[in-house]
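Working notes, structure below.
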Amino acid sequence: MLETILPEEMKNLEAQWMAANGVPSCLLMAEAAQGVDLAIAERLPRGGKVLFLCGPGNNGGDGCAAAWLWRKRGQEAMVWETRANTAGDPGIFRRLALTAGVPVTTLKETPAVLPDCDLVCDALFGTGLSRAPEGVAAGLIRLVNGSSVPVVAVDIPSGLNGADGTVPGEAVIADETVTFHRPKAGLYLRKGCRHAGRVRVHPILIPPDCGGVPGLRVLEQKDHRKLIPPRPADAHKGSLGRVVIFAGSVGMAGAAALCASACVHAGAGLTRVLCRPWVAQTVQALVPEATCTLLPEADGRLLPEAAEIARKALADADAAAVGPGLSQGADVLPVLKAFAEAECPTVFDADALNLMAVNGDLRPRQDAVLTPHPGEAARLLGLKISDVTADPLAALKTLQTRFGCRVLLKGARTLMAAGEAAAVNPNGTPALAKGGSGDVLTGLLAALLARPGLPGDALLPLQLAAFLHADAAARAGGRFGENGVTGRRLVDAIRV
């Protein structure tokens, strides 16, 4: 598992480590260039012509070093630089590139078109940039973004703020970003996911645990298989987690079915849905593996005894979920309160959150999980949606402080918090931008919260759920296209 780092923290860490170990900075630049060279080679397995755009600082030095390595492979490289880097480490690798036969052109103005090339390597600006690019550099960024040539960015796409993911002006939209030692936080926050593309982390001699600088946790593809224990050979349905779900209302029975189906597919041993009688018909038809407990109602309103039925069901539960398609009628409040008082970890989603926003006496337990999207988060915090999307990390921390429990804030890169730890999900996809996706996530998360044998880490089930949810969407998108990913197809693609 990785952790993000802020640009200033990375700068200080590098300086301290090099001073303590007597390592010259040019070796770190060479290591960084090897990571860029490998990424280019994977994208051009048969070779090709690469244009390296190099700026005036160390990022440009990384680009010149990568151009030198690409030329050493026997491939064609060319450098366009916005200023001649003749001093320090960048100057060393610029001279090596020239010696190897790489043509280096110092631009006085932005060319009208890109030269014929198979790939562009963006090394204009590094993580230290906090202002809008100007002049020739800004023109080059527009030129690259307006082309169809694939782009590999060095450490961070030029123009993207490495600390917070903001874009003050022009910024490169990369297909892949090769970042060094630890991923920079800005690659995931705000506009980061749009501009960074795939994020590849390449080591540069500094030990992974060096410095003790905390950051947002990032789950890697290799992590989830070893973190989720296999089913024991002697497992039975009662030993793999009992989940109770309260969901569904008029016109929203499908939300209950999707939530329950995801819970089943994610491995819960027993999934029980508390619902109105006519919601049960849909759930039983679509999810025959789940059982339904009917809540009594009259004239379309739940009766008071529904809350006691919920309490009895929750007494045996290992985890619970409430909210998908629930409606916001006052008659659901007594049942919702029973879920808030349940002694098992409970996921609060959708209408449960909307009701929580206007009922101050609905207080979740510390082990509960709130799963708002930006609109629900705004209602919980009394903010505008734009306030949440402008600074989602601040909204996440405020939600956690205000409600005193775990929080999963949905977004293009979902953020999570538990105690002092926070995480970002690295593998979001626009295929999830469709009604029903959140219901699936709620059921998936509830199954993981109920699952025995997970490491005793309050944040980990949230990380796993977000990662597996997006992984399923990518799998379904690969088969049906991003526009064709429905809630049911998403459920079918879950692999735990």
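Residues in the structure tokens are numbered from 1 in each chain, the chains being A, B, ... in the order shown, and ligands are numbered from 1 in the order shown.
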Using only C-alpha atoms, which protein or nucleic acid residues come within 9 Å of A:Val178? Drop anything in the same chain fewer than 6 positions from it, and give the result as a PDB file with C-alpha atoms, in the first residue's frame.
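Just written: result-v3.pdb:
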ATOM      1  CA  ALA A  32      13.619   8.874 -12.193  1.00  0.00           C
ATOM      2  CA  GLY A  35      11.027   4.970 -14.678  1.00  0.00           C
ATOM      3  CA  VAL A  36       9.977   7.287 -17.497  1.00  0.00           C
ATOM      4  CA  ALA A  39       6.783   3.590 -19.147  1.00  0.00           C
ATOM      5  CA  VAL A 152       3.467  10.425 -20.563  1.00  0.00           C
ATOM      6  CA  ALA A 153       3.986  13.069 -17.861  1.00  0.00           C
ATOM      7  CA  VAL A 154       7.068  13.219 -15.632  1.00  0.00           C
ATOM      8  CA  ASP A 155       6.178  13.297 -11.896  1.00  0.00           C
ATOM      9  CA  ILE A 156       3.065  15.433 -12.448  1.00  0.00           C
ATOM     10  CA  ARG A 198      -2.878   6.251 -15.079  1.00  0.00           C
ATOM     11  CA  VAL A 199      -0.489   6.875 -12.170  1.00  0.00           C
ATOM     12  CA  ARG A 200       2.707   4.804 -12.039  1.00  0.00           C
ATOM     13  CA  VAL A 201       4.949   5.105  -8.964  1.00  0.00           C
ATOM     14  CA  HIS A 202       8.653   4.514  -9.618  1.00  0.00           C
TER      15      HIS A 202
END
Task: 6 Å contact set for stretch 421-435 of chain A, only C-alpha atoms, chain neighbours under 5 positions out, as a PyMOL selection string - done: chain A and resi 216-218+412-416+470+482
Open item on the list: Please report the interatomic distance between atom CA of A:Gly101 and atom CA of A:Pro133 in Å with one decimal.
Closed with: 29.6 Å
- [ ] Please provide the set of residues having any atom within 7 Å of A:Val347, restricted to only C-alpha atoms, with same-chain residues fewer than 4 positions apart removed, written as a ChimeraX atom specification.
- [x] /A:320-322,368-370,442,446
Residues from the last selection, N, CA and C atoms, saved as an mmCIF file, in the first residue's frame:
data_model
loop_
_atom_site.group_PDB
_atom_site.id
_atom_site.type_symbol
_atom_site.label_atom_id
_atom_site.label_comp_id
_atom_site.auth_asym_id
_atom_site.auth_seq_id
_atom_site.Cartn_x
_atom_site.Cartn_y
_atom_site.Cartn_z
ATOM 1 N N ALA A 320 -24.631 -3.886 8.997
ATOM 2 C CA ALA A 320 -25.928 -3.459 8.502
ATOM 3 C C ALA A 320 -25.748 -2.329 7.506
ATOM 4 N N ALA A 321 -26.799 -2.089 6.737
ATOM 5 C CA ALA A 321 -26.808 -0.988 5.776
ATOM 6 C C ALA A 321 -28.206 -0.410 5.719
ATOM 7 N N VAL A 322 -28.294 0.915 5.569
ATOM 8 C CA VAL A 322 -29.598 1.568 5.542
ATOM 9 C C VAL A 322 -29.544 2.766 4.615
ATOM 10 N N ALA A 368 -19.712 3.315 12.676
ATOM 11 C CA ALA A 368 -20.571 3.460 11.503
ATOM 12 C C ALA A 368 -19.797 4.075 10.345
ATOM 13 N N VAL A 369 -20.388 3.981 9.142
ATOM 14 C CA VAL A 369 -19.777 4.568 7.948
ATOM 15 C C VAL A 369 -20.828 5.405 7.227
ATOM 16 N N LEU A 370 -20.512 6.671 7.001
ATOM 17 C CA LEU A 370 -21.349 7.523 6.161
ATOM 18 C C LEU A 370 -20.775 7.495 4.755
ATOM 19 N N THR A 442 -22.891 0.339 -1.366
ATOM 20 C CA THR A 442 -23.383 0.149 0.001
ATOM 21 C C THR A 442 -23.458 -1.330 0.361
ATOM 22 N N ALA A 446 -21.046 -3.257 3.109
ATOM 23 C CA ALA A 446 -21.655 -3.967 4.236
ATOM 24 C C ALA A 446 -21.145 -5.406 4.322
#
Open item on the list: List as a ChimeraX atom specification the protein and nucleic acid residues near A:Glu109, meaning an atom at most 10 Å away when only C-alpha atoms are counted, but skip any in the same chain fewer than 3 places from it.
Closed with: /A:82,106,112,135-137,139-140
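The environment of A:Ala66 within 10 Å, counting only C-alpha atoms and disregarding residues fewer than 6 places along the same chain, consists of Met29, Ala30, Glu31, Ala32, Ala33, Gln34, Gly35, Val36, Asp37, Leu38, Ile40, Phe52, Gly60, Lys72, Ala77, Phe93, Ala97, Cys121, Ala123 and Val154 of chain A.
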- [ ] Excluding A:Leu336 and any residue of its chain fewer than 2 positions from it, enumerate the residues within 9 Å of it, using only C-alpha atoms, and give them as a count of residues only.
- [x] 15
Task: From A:Gly55, A:Pro296, A:Pro214, A:Gly251, residue lying nearest A:Ile141 [only C-alpha atoms] - done: A:Gly55
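In this structure, atom CA of A:Val358 sits 17.2 Å away from atom CA of A:Gly404.
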Open item on the list: Please identify the helix (DSSP H, G or I) residues within stretch 47-224 of chain A (assignment by DSSP from backbone atoms) and present them as number ranges by chain.
Closed with: A: 58-72, 88-99, 135-145, 185-187, 192-196, 223-224
Prev. selection, C-alpha atoms, output as a PDB file, in the first residue's frame:
ATOM      1  CA  ASN A  58      14.823  19.502 -12.575  1.00  0.00           C
ATOM      2  CA  ASN A  59      11.694  18.215 -14.282  1.00  0.00           C
ATOM      3  CA  GLY A  60      13.262  19.225 -17.579  1.00  0.00           C
ATOM      4  CA  GLY A  61      16.429  17.456 -16.455  1.00  0.00           C
ATOM      5  CA  ASP A  62      14.398  14.279 -15.895  1.00  0.00           C
ATOM      6  CA  GLY A  63      13.084  14.682 -19.437  1.00  0.00           C
ATOM      7  CA  CYS A  64      16.565  15.094 -20.958  1.00  0.00           C
ATOM      8  CA  ALA A  65      17.774  12.055 -19.027  1.00  0.00           C
ATOM      9  CA  ALA A  66      14.822  10.014 -20.306  1.00  0.00           C
ATOM     10  CA  ALA A  67      15.540  11.207 -23.879  1.00  0.00           C
ATOM     11  CA  TRP A  68      19.146  10.030 -23.484  1.00  0.00           C
ATOM     12  CA  LEU A  69      17.959   6.591 -22.263  1.00  0.00           C
ATOM     13  CA  TRP A  70      15.431   6.284 -25.090  1.00  0.00           C
ATOM     14  CA  ARG A  71      18.165   7.089 -27.601  1.00  0.00           C
ATOM     15  CA  LYS A  72      20.422   4.484 -25.957  1.00  0.00           C
ATOM     16  CA  GLY A  88      23.648  21.398 -12.600  1.00  0.00           C
ATOM     17  CA  ASP A  89      22.096  17.970 -13.042  1.00  0.00           C
ATOM     18  CA  PRO A  90      19.837  19.051 -15.928  1.00  0.00           C
ATOM     19  CA  GLY A  91      22.913  20.317 -17.753  1.00  0.00           C
ATOM     20  CA  ILE A  92      24.672  16.953 -17.311  1.00  0.00           C
ATOM     21  CA  PHE A  93      21.852  14.994 -18.905  1.00  0.00           C
ATOM     22  CA  ARG A  94      21.296  17.594 -21.616  1.00  0.00           C
ATOM     23  CA  ARG A  95      24.932  17.125 -22.682  1.00  0.00           C
ATOM     24  CA  LEU A  96      24.572  13.325 -22.528  1.00  0.00           C
ATOM     25  CA  ALA A  97      21.504  13.544 -24.766  1.00  0.00           C
ATOM     26  CA  LEU A  98      23.339  15.731 -27.251  1.00  0.00           C
ATOM     27  CA  THR A  99      26.362  13.399 -27.221  1.00  0.00           C
ATOM     28  CA  GLY A 135       4.415  32.002 -22.842  1.00  0.00           C
ATOM     29  CA  VAL A 136       5.926  29.192 -24.881  1.00  0.00           C
ATOM     30  CA  ALA A 137       5.201  26.591 -22.192  1.00  0.00           C
ATOM     31  CA  ALA A 138       1.490  27.428 -22.134  1.00  0.00           C
ATOM     32  CA  GLY A 139       1.434  27.253 -25.919  1.00  0.00           C
ATOM     33  CA  LEU A 140       3.083  23.832 -25.891  1.00  0.00           C
ATOM     34  CA  ILE A 141       0.523  22.555 -23.413  1.00  0.00           C
ATOM     35  CA  ARG A 142      -2.315  23.718 -25.674  1.00  0.00           C
ATOM     36  CA  LEU A 143      -0.574  22.117 -28.641  1.00  0.00           C
ATOM     37  CA  VAL A 144      -0.220  18.765 -26.855  1.00  0.00           C
ATOM     38  CA  ASN A 145      -3.797  18.764 -25.527  1.00  0.00           C
ATOM     39  CA  ALA A 185      -1.514  14.159  -3.520  1.00  0.00           C
ATOM     40  CA  GLY A 186      -2.524  16.450  -6.375  1.00  0.00           C
ATOM     41  CA  LEU A 187      -2.600  13.524  -8.793  1.00  0.00           C
ATOM     42  CA  GLY A 192      -5.868  15.515 -10.774  1.00  0.00           C
ATOM     43  CA  CYS A 193      -7.587  12.387 -12.034  1.00  0.00           C
ATOM     44  CA  ARG A 194      -8.570  14.095 -15.291  1.00  0.00           C
ATOM     45  CA  HIS A 195      -5.046  15.308 -16.007  1.00  0.00           C
ATOM     46  CA  ALA A 196      -2.893  12.497 -14.590  1.00  0.00           C
ATOM     47  CA  ASP A 223      -2.985  -5.422  -2.280  1.00  0.00           C
ATOM     48  CA  HIS A 224      -6.604  -6.473  -2.218  1.00  0.00           C
TER      49      HIS A 224
END
Per residue of stretch 141-233 of chain A within 12 Å of stretch 385-389 of chain A, record the nearest atom pair and its distance in Å to one decimal, counting only C-alpha atoms, with rows in chain order and ascending residue number, as a Markdown table.
| residue | atom | partner | partner_atom | distance |
| --- | --- | --- | --- | --- |
| A:Gly165 | CA | A:Thr389 | CA | 11.8 |
| A:Thr166 | CA | A:Thr389 | CA | 11.4 |
| A:Leu189 | CA | A:Thr389 | CA | 9.8 |
| A:Arg190 | CA | A:Thr389 | CA | 7.3 |
| A:Lys191 | CA | A:Thr389 | CA | 10.1 |
Resulting file, chosen residues, N, CA and C atoms, as a PDB file, in the first residue's frame:
ATOM      1  N   GLY A 165      -4.232  19.517  -6.506  1.00  0.00           N
ATOM      2  CA  GLY A 165      -4.944  19.116  -7.712  1.00  0.00           C
ATOM      3  C   GLY A 165      -5.665  20.233  -8.433  1.00  0.00           C
ATOM      4  N   THR A 166      -5.396  21.470  -8.071  1.00  0.00           N
ATOM      5  CA  THR A 166      -6.015  22.582  -8.786  1.00  0.00           C
ATOM      6  C   THR A 166      -5.270  22.854 -10.094  1.00  0.00           C
ATOM      7  N   LEU A 189      -6.496  14.546  -6.285  1.00  0.00           N
ATOM      8  CA  LEU A 189      -7.465  15.509  -5.788  1.00  0.00           C
ATOM      9  C   LEU A 189      -7.969  16.425  -6.900  1.00  0.00           C
ATOM     10  N   ARG A 190      -9.209  16.876  -6.749  1.00  0.00           N
ATOM     11  CA  ARG A 190      -9.837  17.831  -7.661  1.00  0.00           C
ATOM     12  C   ARG A 190      -9.671  17.424  -9.126  1.00  0.00           C
ATOM     13  N   LYS A 191      -8.893  18.198  -9.913  1.00  0.00           N
ATOM     14  CA  LYS A 191      -8.736  17.935 -11.341  1.00  0.00           C
ATOM     15  C   LYS A 191      -7.644  16.903 -11.631  1.00  0.00           C
TER      16      LYS A 191
END
Task: Contacts of A:Gly169 within 9 Å, only C-alpha atoms, excl. fewer than 3 positions in-chain, as a list in words - done: Arg131, Ala132, Pro133, Glu134, Ala138, Gly159 and Leu160 of chain A
Selection above as a file: N, CA and C atoms, as an mmCIF file, in the first residue's frame:
data_model
loop_
_atom_site.group_PDB
_atom_site.id
_atom_site.type_symbol
_atom_site.label_atom_id
_atom_site.label_comp_id
_atom_site.auth_asym_id
_atom_site.auth_seq_id
_atom_site.Cartn_x
_atom_site.Cartn_y
_atom_site.Cartn_z
ATOM 1 N N ARG A 131 1.674 28.244 -10.113
ATOM 2 C CA ARG A 131 1.060 29.324 -10.876
ATOM 3 C C ARG A 131 0.691 28.806 -12.271
ATOM 4 N N ALA A 132 -0.013 29.622 -13.011
ATOM 5 C CA ALA A 132 -0.402 29.229 -14.363
ATOM 6 C C ALA A 132 0.803 29.312 -15.298
ATOM 7 N N PRO A 133 1.038 28.302 -16.134
ATOM 8 C CA PRO A 133 2.114 28.377 -17.131
ATOM 9 C C PRO A 133 1.881 29.545 -18.087
ATOM 10 N N GLU A 134 2.964 30.094 -18.579
ATOM 11 C CA GLU A 134 2.871 31.253 -19.464
ATOM 12 C C GLU A 134 3.725 31.045 -20.708
ATOM 13 N N ALA A 138 2.948 27.500 -22.039
ATOM 14 C CA ALA A 138 1.490 27.428 -22.134
ATOM 15 C C ALA A 138 1.052 27.051 -23.547
ATOM 16 N N GLY A 159 1.400 22.073 -15.125
ATOM 17 C CA GLY A 159 0.272 22.964 -14.899
ATOM 18 C C GLY A 159 -0.666 22.505 -13.813
ATOM 19 N N LEU A 160 -0.568 21.232 -13.385
ATOM 20 C CA LEU A 160 -1.385 20.708 -12.294
ATOM 21 C C LEU A 160 -0.663 20.959 -10.974
#
